[in-house]
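> My file is model-v3.pdb. It has PDB, C-alpha atoms and all ligand atoms:
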```pdb
MODEL        1
ATOM      1  CA  MET J  30       0.000   0.000   0.000
ATOM      2  CA  LYS J  31       2.815   2.391   0.978
ATOM      3  CA  LYS J  32       4.704   1.609  -2.257
ATOM      4  CA  LEU J  33       1.530   2.230  -4.268
ATOM      5  CA  LYS J  34       1.038   5.625  -2.610
ATOM      6  CA  ILE J  35       4.639   6.600  -3.347
ATOM      7  CA  ALA J  36       4.207   5.491  -6.989
ATOM      8  CA  PHE J  37       1.017   7.570  -7.262
ATOM      9  CA  ASN J  38       2.737  10.620  -5.746
ATOM     10  CA  PHE J  39       5.614  10.135  -8.185
ATOM     11  CA  LEU J  40       3.172  10.111 -11.092
ATOM     12  CA  ILE J  41       1.647  13.411  -9.895
ATOM     13  CA  TYR J  42       5.147  14.847  -9.452
ATOM     14  CA  ASN J  43       6.031  13.857 -13.014
ATOM     15  CA  ILE J  44       2.933  15.541 -14.378
ATOM     16  CA  LYS J  45       3.531  18.757 -12.391
ATOM     17  CA  SER J  46       7.280  19.016 -12.840
ATOM     18  CA  THR J  47       9.038  21.224 -15.371
ATOM     19  CA  ASN J  48      12.630  21.871 -16.360
ATOM     20  CA  GLU J  49      14.512  25.196 -16.244
ATOM     21  CA  HIS J  50      12.425  26.555 -19.130
ATOM     22  CA  GLY J  51       9.333  26.719 -16.946
ATOM     23  CA  VAL J  52      11.117  28.985 -14.455
ATOM     24  CA  HIS J  53      10.969  32.791 -14.701
ATOM     25  CA  SER J  54      13.152  33.731 -11.749
ATOM     26  CA  PRO J  55      16.736  34.343 -13.027
ATOM     27  CA  PHE J  56      18.162  33.264  -9.661
ATOM     28  CA  VAL J  57      16.294  29.951  -9.657
ATOM     29  CA  TYR J  58      17.026  29.412 -13.360
ATOM     30  CA  ASP J  59      20.789  29.797 -12.750
ATOM     31  CA  LEU J  60      20.593  27.627  -9.662
ATOM     32  CA  ILE J  61      18.872  24.814 -11.569
ATOM     33  CA  LEU J  62      21.486  24.882 -14.339
ATOM     34  CA  GLY J  63      24.387  25.163 -11.892
ATOM     35  CA  THR J  64      23.268  22.336  -9.615
ATOM     36  CA  ILE J  65      20.341  20.117 -10.621
ATOM     37  CA  TYR J  66      21.233  19.920 -14.328
ATOM     38  CA  ASN J  67      24.992  20.294 -13.941
ATOM     39  CA  ARG J  68      26.342  17.085 -15.495
ATOM     40  CA  ASN J  69      30.064  17.792 -14.945
ATOM     41  CA  ALA J  70      32.038  15.023 -13.267
ATOM     42  CA  PHE J  71      33.749  16.450 -10.187
ATOM     43  CA  TYR J  72      37.101  15.234  -8.860
ATOM     44  CA  CYS J  73      35.790  13.796  -5.576
ATOM     45  CA  TYR J  74      33.011  11.619  -7.037
ATOM     46  CA  HIS J  75      35.337   8.738  -7.817
ATOM     47  CA  PRO J  76      36.979   8.102  -4.388
ATOM     48  CA  ILE J  77      33.635   8.365  -2.584
ATOM     49  CA  GLU J  78      31.937   5.948  -4.987
ATOM     50  CA  ARG J  79      34.904   3.560  -4.670
ATOM     51  CA  LEU J  80      34.436   3.662  -0.892
ATOM     52  CA  ARG J  81      30.687   3.016  -1.302
ATOM     53  CA  LYS J  82      31.544  -0.058  -3.384
ATOM     54  CA  ASP J  83      33.874  -1.363  -0.670
ATOM     55  CA  LEU J  84      31.166  -0.836   1.947
ATOM     56  CA  MET J  85      28.664  -2.684  -0.242
ATOM     57  CA  HIS J  86      30.919  -5.740  -0.073
ATOM     58  CA  SER J  87      31.536  -5.582   3.674
ATOM     59  CA  LYS J  88      29.931  -8.388   5.646
ATOM     60  CA  LYS J  89      31.099  -6.920   8.983
ATOM     61  CA  ARG J  90      28.155  -6.712  11.360
ATOM     62  CA  LEU J  91      27.267  -3.688  13.494
ATOM     63  CA  ASN J  92      24.824  -3.290  16.364
ATOM     64  CA  CYS J  93      22.371  -0.775  15.001
ATOM     65  CA  THR J  94      20.353   1.396  17.328
ATOM     66  CA  ASP J  95      17.438   2.764  15.363
ATOM     67  CA  LEU J  96      16.151   6.045  16.782
ATOM     68  CA  GLY J  97      14.231   7.215  13.741
ATOM     69  CA  ALA J  98      11.037   6.586  11.827
ATOM     70  CA  GLY J  99      10.201   2.929  11.512
ATOM     71  CA  SER J 100      10.785   2.187  15.160
ATOM     72  CA  TYR J 101       8.806   4.182  17.633
ATOM     73  CA  LEU J 102      10.597   2.246  20.351
ATOM     74  CA  GLN J 103      14.350   2.140  20.557
ATOM     75  CA  ASN J 104      15.379  -0.981  18.764
ATOM     76  CA  THR J 105      18.821  -2.554  18.488
ATOM     77  CA  ARG J 106      19.745  -5.269  16.011
ATOM     78  CA  SER J 107      22.714  -6.482  14.101
ATOM     79  CA  LYS J 108      23.077  -5.528  10.420
ATOM     80  CA  SER J 109      25.949  -5.902   7.983
ATOM     81  CA  ILE J 110      27.660  -2.783   6.646
ATOM     82  CA  SER J 111      26.544  -3.907   3.208
ATOM     83  CA  GLU J 112      22.883  -3.935   4.324
ATOM     84  CA  ILE J 113      23.225  -0.506   5.949
ATOM     85  CA  VAL J 114      24.795   1.151   2.933
ATOM     86  CA  HIS J 115      22.143  -0.331   0.629
ATOM     87  CA  ALA J 116      19.284   0.795   2.839
ATOM     88  CA  ALA J 117      20.457   4.148   4.153
ATOM     89  CA  ALA J 118      23.069   5.886   2.009
ATOM     90  CA  LYS J 119      21.801   8.389  -0.543
ATOM     91  CA  PRO J 120      22.157   6.963  -4.046
ATOM     92  CA  GLU J 121      24.914   8.409  -6.224
ATOM     93  CA  LYS J 122      22.555  10.740  -8.109
ATOM     94  CA  TYR J 123      21.291  12.475  -4.964
ATOM     95  CA  ALA J 124      24.561  12.397  -3.006
ATOM     96  CA  GLN J 125      26.277  14.119  -5.945
ATOM     97  CA  LEU J 126      23.494  16.680  -6.087
ATOM     98  CA  LEU J 127      24.281  17.545  -2.459
ATOM     99  CA  PHE J 128      27.895  18.032  -3.522
ATOM    100  CA  ARG J 129      26.810  20.414  -6.280
ATOM    101  CA  PHE J 130      24.581  22.424  -3.944
ATOM    102  CA  VAL J 131      27.429  22.905  -1.460
ATOM    103  CA  ASN J 132      29.821  23.655  -4.313
ATOM    104  CA  TYR J 133      27.396  26.256  -5.687
ATOM    105  CA  PHE J 134      26.574  28.059  -2.435
ATOM    106  CA  GLN J 135      29.920  27.561  -0.607
ATOM    107  CA  PRO J 136      28.272  27.576   2.834
ATOM    108  CA  ALA J 137      30.579  28.073   5.825
ATOM    109  CA  THR J 138      28.581  25.978   8.281
ATOM    110  CA  ILE J 139      26.789  22.807   7.250
ATOM    111  CA  LEU J 140      24.681  20.593   9.487
ATOM    112  CA  GLU J 141      23.544  17.076   8.671
ATOM    113  CA  LEU J 142      20.969  15.149  10.690
ATOM    114  CA  GLY J 143      21.708  11.469   9.991
ATOM    115  CA  THR J 144      25.324  10.563   9.208
ATOM    116  CA  SER J 145      24.883   6.814   8.770
ATOM    117  CA  LEU J 146      28.144   5.568   7.174
ATOM    118  CA  GLY J 147      29.061   9.071   5.996
ATOM    119  CA  ILE J 148      28.428   8.960   2.243
ATOM    120  CA  SER J 149      26.363  12.149   1.992
ATOM    121  CA  ALA J 150      28.547  13.904   4.590
ATOM    122  CA  ALA J 151      31.643  13.015   2.555
ATOM    123  CA  TYR J 152      30.148  14.547  -0.589
ATOM    124  CA  MET J 153      29.164  17.759   1.198
ATOM    125  CA  ALA J 154      32.477  18.103   3.053
ATOM    126  CA  ALA J 155      34.449  17.491  -0.149
ATOM    127  CA  ALA J 156      32.576  20.262  -1.936
ATOM    128  CA  ASN J 157      34.032  22.991   0.256
ATOM    129  CA  SER J 158      37.096  22.179   2.325
ATOM    130  CA  LYS J 159      36.803  25.581   4.028
ATOM    131  CA  SER J 160      33.370  24.748   5.397
ATOM    132  CA  LYS J 161      32.740  23.056   8.713
ATOM    133  CA  LEU J 162      30.322  20.168   8.500
ATOM    134  CA  ILE J 163      28.676  18.955  11.704
ATOM    135  CA  THR J 164      26.914  15.628  11.313
ATOM    136  CA  ILE J 165      24.791  13.889  13.953
ATOM    137  CA  GLU J 166      24.223  10.128  14.211
ATOM    138  CA  GLY J 167      22.390   8.244  16.954
ATOM    139  CA  CYS J 168      23.962   4.836  16.477
ATOM    140  CA  LYS J 169      27.492   4.755  17.870
ATOM    141  CA  ASP J 170      28.678   1.670  15.948
ATOM    142  CA  ILE J 171      27.599   3.203  12.631
ATOM    143  CA  ALA J 172      29.166   6.563  13.584
ATOM    144  CA  ALA J 173      32.463   4.776  14.321
ATOM    145  CA  VAL J 174      32.557   3.339  10.788
ATOM    146  CA  ALA J 175      31.691   6.770   9.365
ATOM    147  CA  LYS J 176      34.678   8.160  11.262
ATOM    148  CA  GLU J 177      36.977   5.574   9.623
ATOM    149  CA  ASN J 178      35.494   6.520   6.247
ATOM    150  CA  PHE J 179      36.217  10.225   6.731
ATOM    151  CA  ILE J 180      39.825   9.365   7.610
ATOM    152  CA  LYS J 181      40.143   7.151   4.504
ATOM    153  CA  LEU J 182      38.840  10.010   2.343
ATOM    154  CA  GLU J 183      41.140  12.508   4.097
ATOM    155  CA  LEU J 184      38.275  14.811   4.965
ATOM    156  CA  HIS J 185      39.309  17.051   7.836
ATOM    157  CA  ASN J 186      36.403  19.483   7.988
ATOM    158  CA  ILE J 187      33.857  17.140   9.590
ATOM    159  CA  GLU J 188      32.812  17.193  13.238
ATOM    160  CA  GLN J 189      30.841  14.140  14.288
ATOM    161  CA  VAL J 190      28.287  14.248  17.080
ATOM    162  CA  VAL J 191      26.974  10.933  18.366
ATOM    163  CA  GLY J 192      23.561  10.950  20.034
ATOM    164  CA  ASN J 193      19.852  11.408  19.555
ATOM    165  CA  PHE J 194      18.970  14.507  17.472
ATOM    166  CA  ASP J 195      16.424  15.395  20.158
ATOM    167  CA  ASP J 196      19.209  15.756  22.724
ATOM    168  CA  CYS J 197      22.115  16.943  20.570
ATOM    169  CA  LEU J 198      20.544  19.430  18.190
ATOM    170  CA  PRO J 199      19.937  22.253  20.720
ATOM    171  CA  GLU J 200      23.527  21.934  21.949
ATOM    172  CA  VAL J 201      24.966  21.888  18.405
ATOM    173  CA  LEU J 202      22.915  24.920  17.371
ATOM    174  CA  ASN J 203      23.931  26.793  20.517
ATOM    175  CA  LYS J 204      27.551  26.557  19.484
ATOM    176  CA  ILE J 205      27.140  28.084  16.032
ATOM    177  CA  ASP J 206      26.409  31.684  15.078
ATOM    178  CA  GLN J 207      24.553  30.888  11.879
ATOM    179  CA  LEU J 208      23.477  27.887   9.849
ATOM    180  CA  ASP J 209      24.211  28.271   6.141
ATOM    181  CA  PHE J 210      23.231  24.813   4.950
ATOM    182  CA  ALA J 211      21.342  21.909   6.525
ATOM    183  CA  PHE J 212      20.494  18.433   5.300
ATOM    184  CA  PHE J 213      17.701  16.645   7.200
ATOM    185  CA  ASP J 214      18.094  12.912   6.628
ATOM    186  CA  GLY J 215      16.870  11.036   9.667
ATOM    187  CA  ASN J 216      13.731  10.426  11.718
ATOM    188  CA  HIS J 217      11.264  10.938   8.882
ATOM    189  CA  ARG J 218       8.185  11.678  10.946
ATOM    190  CA  LYS J 219       6.058  14.806  10.924
ATOM    191  CA  LEU J 220       6.551  16.244  14.398
ATOM    192  CA  PRO J 221      10.298  15.548  14.738
ATOM    193  CA  THR J 222      10.902  16.941  11.222
ATOM    194  CA  ILE J 223       9.008  20.145  11.975
ATOM    195  CA  ASN J 224      10.649  20.391  15.368
ATOM    196  CA  TYR J 225      14.182  20.056  13.901
ATOM    197  CA  PHE J 226      13.263  22.526  11.140
ATOM    198  CA  GLU J 227      11.998  25.099  13.638
ATOM    199  CA  GLN J 228      15.115  24.781  15.779
ATOM    200  CA  CYS J 229      17.386  25.195  12.756
ATOM    201  CA  LEU J 230      15.293  28.132  11.535
ATOM    202  CA  GLU J 231      16.522  30.146  14.527
ATOM    203  CA  LYS J 232      20.024  30.046  13.017
ATOM    204  CA  ALA J 233      19.053  30.463   9.361
ATOM    205  CA  VAL J 234      20.213  33.667   7.687
ATOM    206  CA  GLU J 235      19.651  35.356   4.334
ATOM    207  CA  GLY J 236      20.886  32.862   1.736
ATOM    208  CA  SER J 237      20.678  29.747   3.928
ATOM    209  CA  VAL J 238      19.656  26.506   2.227
ATOM    210  CA  PHE J 239      17.864  23.589   3.900
ATOM    211  CA  ILE J 240      17.370  20.248   2.133
ATOM    212  CA  PHE J 241      14.840  17.687   3.350
ATOM    213  CA  ASP J 242      15.110  14.072   2.303
ATOM    214  CA  ASP J 243      12.144  11.849   1.449
ATOM    215  CA  ILE J 244       9.376  14.452   1.467
ATOM    216  CA  TYR J 245       6.933  11.903  -0.023
ATOM    217  CA  TRP J 246       8.068   8.920   2.050
ATOM    218  CA  SER J 247       4.860   8.892   4.116
ATOM    219  CA  ASP J 248       1.679  10.910   4.670
ATOM    220  CA  GLU J 249       3.374  12.426   7.723
ATOM    221  CA  MET J 250       6.332  13.614   5.659
ATOM    222  CA  LYS J 251       4.012  15.061   3.019
ATOM    223  CA  VAL J 252       2.239  17.102   5.703
ATOM    224  CA  ALA J 253       5.579  18.168   7.215
ATOM    225  CA  TRP J 254       6.758  19.391   3.776
ATOM    226  CA  GLN J 255       3.548  21.411   3.265
ATOM    227  CA  GLU J 256       3.973  23.037   6.691
ATOM    228  CA  ILE J 257       7.609  23.877   5.984
ATOM    229  CA  LYS J 258       6.619  25.490   2.669
ATOM    230  CA  LYS J 259       4.027  27.624   4.451
ATOM    231  CA  ASN J 260       6.485  29.007   7.006
ATOM    232  CA  GLU J 261       6.701  32.790   6.580
ATOM    233  CA  LYS J 262      10.517  32.795   6.573
ATOM    234  CA  VAL J 263      10.627  30.350   3.668
ATOM    235  CA  THR J 264      10.594  32.012   0.254
ATOM    236  CA  VAL J 265      11.608  29.651  -2.544
ATOM    237  CA  THR J 266      11.117  25.887  -2.418
ATOM    238  CA  ILE J 267      12.097  23.315  -5.041
ATOM    239  CA  ASP J 268      10.428  19.914  -5.022
ATOM    240  CA  LEU J 269      12.585  17.194  -6.611
ATOM    241  CA  PHE J 270      10.371  14.420  -5.239
ATOM    242  CA  TYR J 271      13.074  12.730  -3.150
ATOM    243  CA  PHE J 272      14.500  16.063  -1.980
ATOM    244  CA  GLY J 273      12.685  19.192  -0.879
ATOM    245  CA  ILE J 274      14.886  22.274  -1.107
ATOM    246  CA  VAL J 275      14.181  25.382   0.942
ATOM    247  CA  LEU J 276      15.787  28.756   0.281
ATOM    248  CA  PHE J 277      15.729  31.810   2.484
ATOM    249  CA  ARG J 278      15.923  34.898   0.273
ATOM    250  CA  LYS J 279      13.957  37.957   1.324
ATOM    251  CA  LYS J 280      14.328  39.601  -2.115
ATOM    252  CA  GLN J 281      12.558  36.710  -3.793
ATOM    253  CA  VAL J 282       8.764  36.435  -4.009
ATOM    254  CA  LYS J 283       7.425  33.320  -2.353
ATOM    255  CA  GLU J 284       7.250  30.632  -5.008
ATOM    256  CA  HIS J 285       7.218  26.822  -5.040
ATOM    257  CA  PHE J 286       8.851  25.026  -7.974
ATOM    258  CA  VAL J 287       8.487  21.388  -8.976
ATOM    259  CA  ILE J 288      11.533  20.485 -11.046
ATOM    260  CA  ARG J 289      12.130  17.253 -12.961
ATOM    261  CA  PHE J 290      15.259  15.456 -11.805
TER     262      PHE J 290
HETATM  263  C1  LIG Q 301      18.927   7.611   6.014
HETATM  264  S1  LIG Q 301      20.193   7.440   7.168
HETATM  265  C2  LIG Q 301      21.332   8.725   6.725
HETATM  266  C3  LIG Q 301      22.058   8.450   5.445
HETATM  267  C4  LIG Q 301      23.190   9.411   5.174
HETATM  268  N1  LIG Q 301      22.776  10.781   5.234
HETATM  269  C5  LIG Q 301      23.765   9.134   3.773
HETATM  270  O1  LIG Q 301      23.108   9.489   2.803
HETATM  271  O2  LIG Q 301      24.854   8.563   3.684
HETATM  272  C6  LIG Q 301      19.471   8.103   8.623
HETATM  273  C7  LIG Q 301      20.357   7.985   9.850
HETATM  274  O3  LIG Q 301      19.789   8.783  10.870
HETATM  275  C8  LIG Q 301      19.948   8.146  12.114
HETATM  276  N2  LIG Q 301      18.856   8.612  12.980
HETATM  277  C9  LIG Q 301      17.519   8.479  12.768
HETATM  278  N3  LIG Q 301      16.831   9.060  13.756
HETATM  279  C10 LIG Q 301      17.740   9.574  14.622
HETATM  280  C11 LIG Q 301      17.642  10.317  15.821
HETATM  281  N4  LIG Q 301      16.454  10.619  16.361
HETATM  282  N5  LIG Q 301      18.773  10.694  16.431
HETATM  283  C12 LIG Q 301      19.992  10.373  15.899
HETATM  284  N6  LIG Q 301      20.156   9.677  14.756
HETATM  285  C13 LIG Q 301      19.034   9.282  14.124
HETATM  286  C14 LIG Q 301      19.851   6.657  11.807
HETATM  287  O4  LIG Q 301      20.568   5.911  12.775
HETATM  288  C15 LIG Q 301      20.455   6.570  10.409
HETATM  289  O5  LIG Q 301      21.790   6.164  10.461
ENDMDL
END
```
Mind turning the file's structure into structure tokens?


Amino acid sequence: MKKLKIAFNFLIYNIKSTNEHGVHSPFVYDLILGTIYNRNAFYCYHPIERLRKDLMHSKKRLNCTDLGAGSYLQNTRSKSISEIVHAAAKPEKYAQLLFRFVNYFQPATILELGTSLGISAAYMAAANSKSKLITIEGCKDIAAVAKENFIKLELHNIEQVVGNFDDCLPEVLNKIDQLDFAFFDGNHRKLPTINYFEQCLEKAVEGSVFIFDDIYWSDEMKVAWQEIKKNEKVTVTIDLFYFGIVLFRKKQVKEHFVIRF
């Protein structure tokens, strides 16, 4: 039933979506060409994808503590690294889009909710070595493997925080002056998503970019995405079906784009 709903939503998305030619805002037009439709191969893609391949072959088992959607109760079970990377890591297409967004906006401070094995964090950190990326993960065994991965990729601009978003996020946000870029990729439920969004909003500034993963994953996430779009501080949003992109630009009229990706 859930798969059917997602397929139906995808059909609607396909009907509604346009490419850059349906966009009148010069800023959004340039953004789409510079990120979403930028087909250049960047230098860091190869080592990160090689690492993903290695992880896909790893039979090593980790004790996974699941604090997010899918388990309303804390639930620990053993999974292989291969299973985790298949189930959790953003696919190449979307992970590389994150790279291009960071490369385009050059944010100084990036926050990720949901490190998992570090694939998306690696892409974002590699896109701007001058940025500081803070990434939060609730499962300590998974976070430990992510740490090894960041060392292998020689990424030195990542700070890992291990703990539940509910506990760690206020502390993390307290330590930063402003949040230039945030990727929300964990605990895909309505209230936690809106709660994390509202906390991060306090540190958003002109030009900040927030990206939400899986905005059609469930009815709850669909409602959360609609509420985020309605927020008065949000001006431009771009719906890519799997990603919902939020831009804070006072000069821009409020407008919601659905772009084919
Ligand atoms: C989809 S995975 C992240 C994938 C990663 N961003 C990537 O693309 O490589 C989501 C992660 O969020 C973590 N998570 C979910 N809910 C959490 C919570 N409430 N606190 C801390 N971590 C949480 C899970 O343990 C999981 O590893």

> Can you spell out as a PyMOL selection string the set of residues that the PyMOL selection byres (((chain J and resi 212-227) around 9) and not hetatm) selects in the structure I just provided?

chain J and resi 96-99+127+139-144+166+194-195+198+210-211+228-231+238-244+246-254+256-257

> On this file, the PyMOL selection byres (((chain J and resi 130) around 10) and not hetatm) gives some set of residues; write that set as a list in words.

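Here the PyMOL selection byres (((chain J and resi 130) around 10) and not hetatm) matches Leu60, Ile61, Gly63, Thr64, Ile65, Gln125, Leu126, Leu127, Phe128, Arg129, Val131, Asn132, Tyr133, Phe134, Gln135, Pro136, Met153, Ala156, Phe210, Val238 and Ile240 of chain J.
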
> Since we have the selection now, will you write its residues out, keeping C-alpha atoms, as a PDB file, in the frame of the given file?


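File result_5.pdb, as written:
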```pdb
ATOM      1  CA  LEU J  60      20.593  27.627  -9.662  1.00  0.00           C
ATOM      2  CA  ILE J  61      18.872  24.814 -11.569  1.00  0.00           C
ATOM      3  CA  GLY J  63      24.387  25.163 -11.892  1.00  0.00           C
ATOM      4  CA  THR J  64      23.268  22.336  -9.615  1.00  0.00           C
ATOM      5  CA  ILE J  65      20.341  20.117 -10.621  1.00  0.00           C
ATOM      6  CA  GLN J 125      26.277  14.119  -5.945  1.00  0.00           C
ATOM      7  CA  LEU J 126      23.494  16.680  -6.087  1.00  0.00           C
ATOM      8  CA  LEU J 127      24.281  17.545  -2.459  1.00  0.00           C
ATOM      9  CA  PHE J 128      27.895  18.032  -3.522  1.00  0.00           C
ATOM     10  CA  ARG J 129      26.810  20.414  -6.280  1.00  0.00           C
ATOM     11  CA  VAL J 131      27.429  22.905  -1.460  1.00  0.00           C
ATOM     12  CA  ASN J 132      29.821  23.655  -4.313  1.00  0.00           C
ATOM     13  CA  TYR J 133      27.396  26.256  -5.687  1.00  0.00           C
ATOM     14  CA  PHE J 134      26.574  28.059  -2.435  1.00  0.00           C
ATOM     15  CA  GLN J 135      29.920  27.561  -0.607  1.00  0.00           C
ATOM     16  CA  PRO J 136      28.272  27.576   2.834  1.00  0.00           C
ATOM     17  CA  MET J 153      29.164  17.759   1.198  1.00  0.00           C
ATOM     18  CA  ALA J 156      32.576  20.262  -1.936  1.00  0.00           C
ATOM     19  CA  PHE J 210      23.231  24.813   4.950  1.00  0.00           C
ATOM     20  CA  VAL J 238      19.656  26.506   2.227  1.00  0.00           C
ATOM     21  CA  ILE J 240      17.370  20.248   2.133  1.00  0.00           C
TER      22      ILE J 240
END
```

> For a test of reading the model, state the distance in Å between atom CA of Tyr245 of chain J and atom CA of Val275 of chain J, rounded to one decimal.

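Pair atom CA of Tyr245 of chain J / atom CA of Val275 of chain J returns 15.3 Å.
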
> Could you check the closest approach to Ser237 of chain J for each of J:Arg106, J:Lys89, J:Lys258, J:Arg278 and tell me which residue wins, using only C-alpha atoms?

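Result for the nearest residue to Ser237 of chain J: J:Arg278.
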
> Which neighbours of Asn186 of chain J fall inside 12 Å, counting only C-alpha atoms, when residues of the same chain fewer than 4 positions from it are skipped, and could you give them as a list of chain:residue names?

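That gives J:Ala137, J:Thr138, J:Ile139, J:Leu140, J:Ala150, J:Ala151, J:Tyr152, J:Met153, J:Ala154, J:Ala155, J:Ala156, J:Asn157, J:Ser158, J:Lys159, J:Ser160, J:Lys161, J:Leu162, J:Ile163, J:Thr164, J:Lys176, J:Phe179, J:Ile180, J:Leu182.
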
> Counting only C-alpha atoms and all ligand atoms, which of J:Asn69, J:Ser54, J:Thr47, J:Asn92 gets nearest to ligand LIG 301 (chain Q)?

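Comparing J:Asn69, J:Ser54, J:Thr47, J:Asn92 against ligand LIG 301 (chain Q), the winner is J:Asn92.
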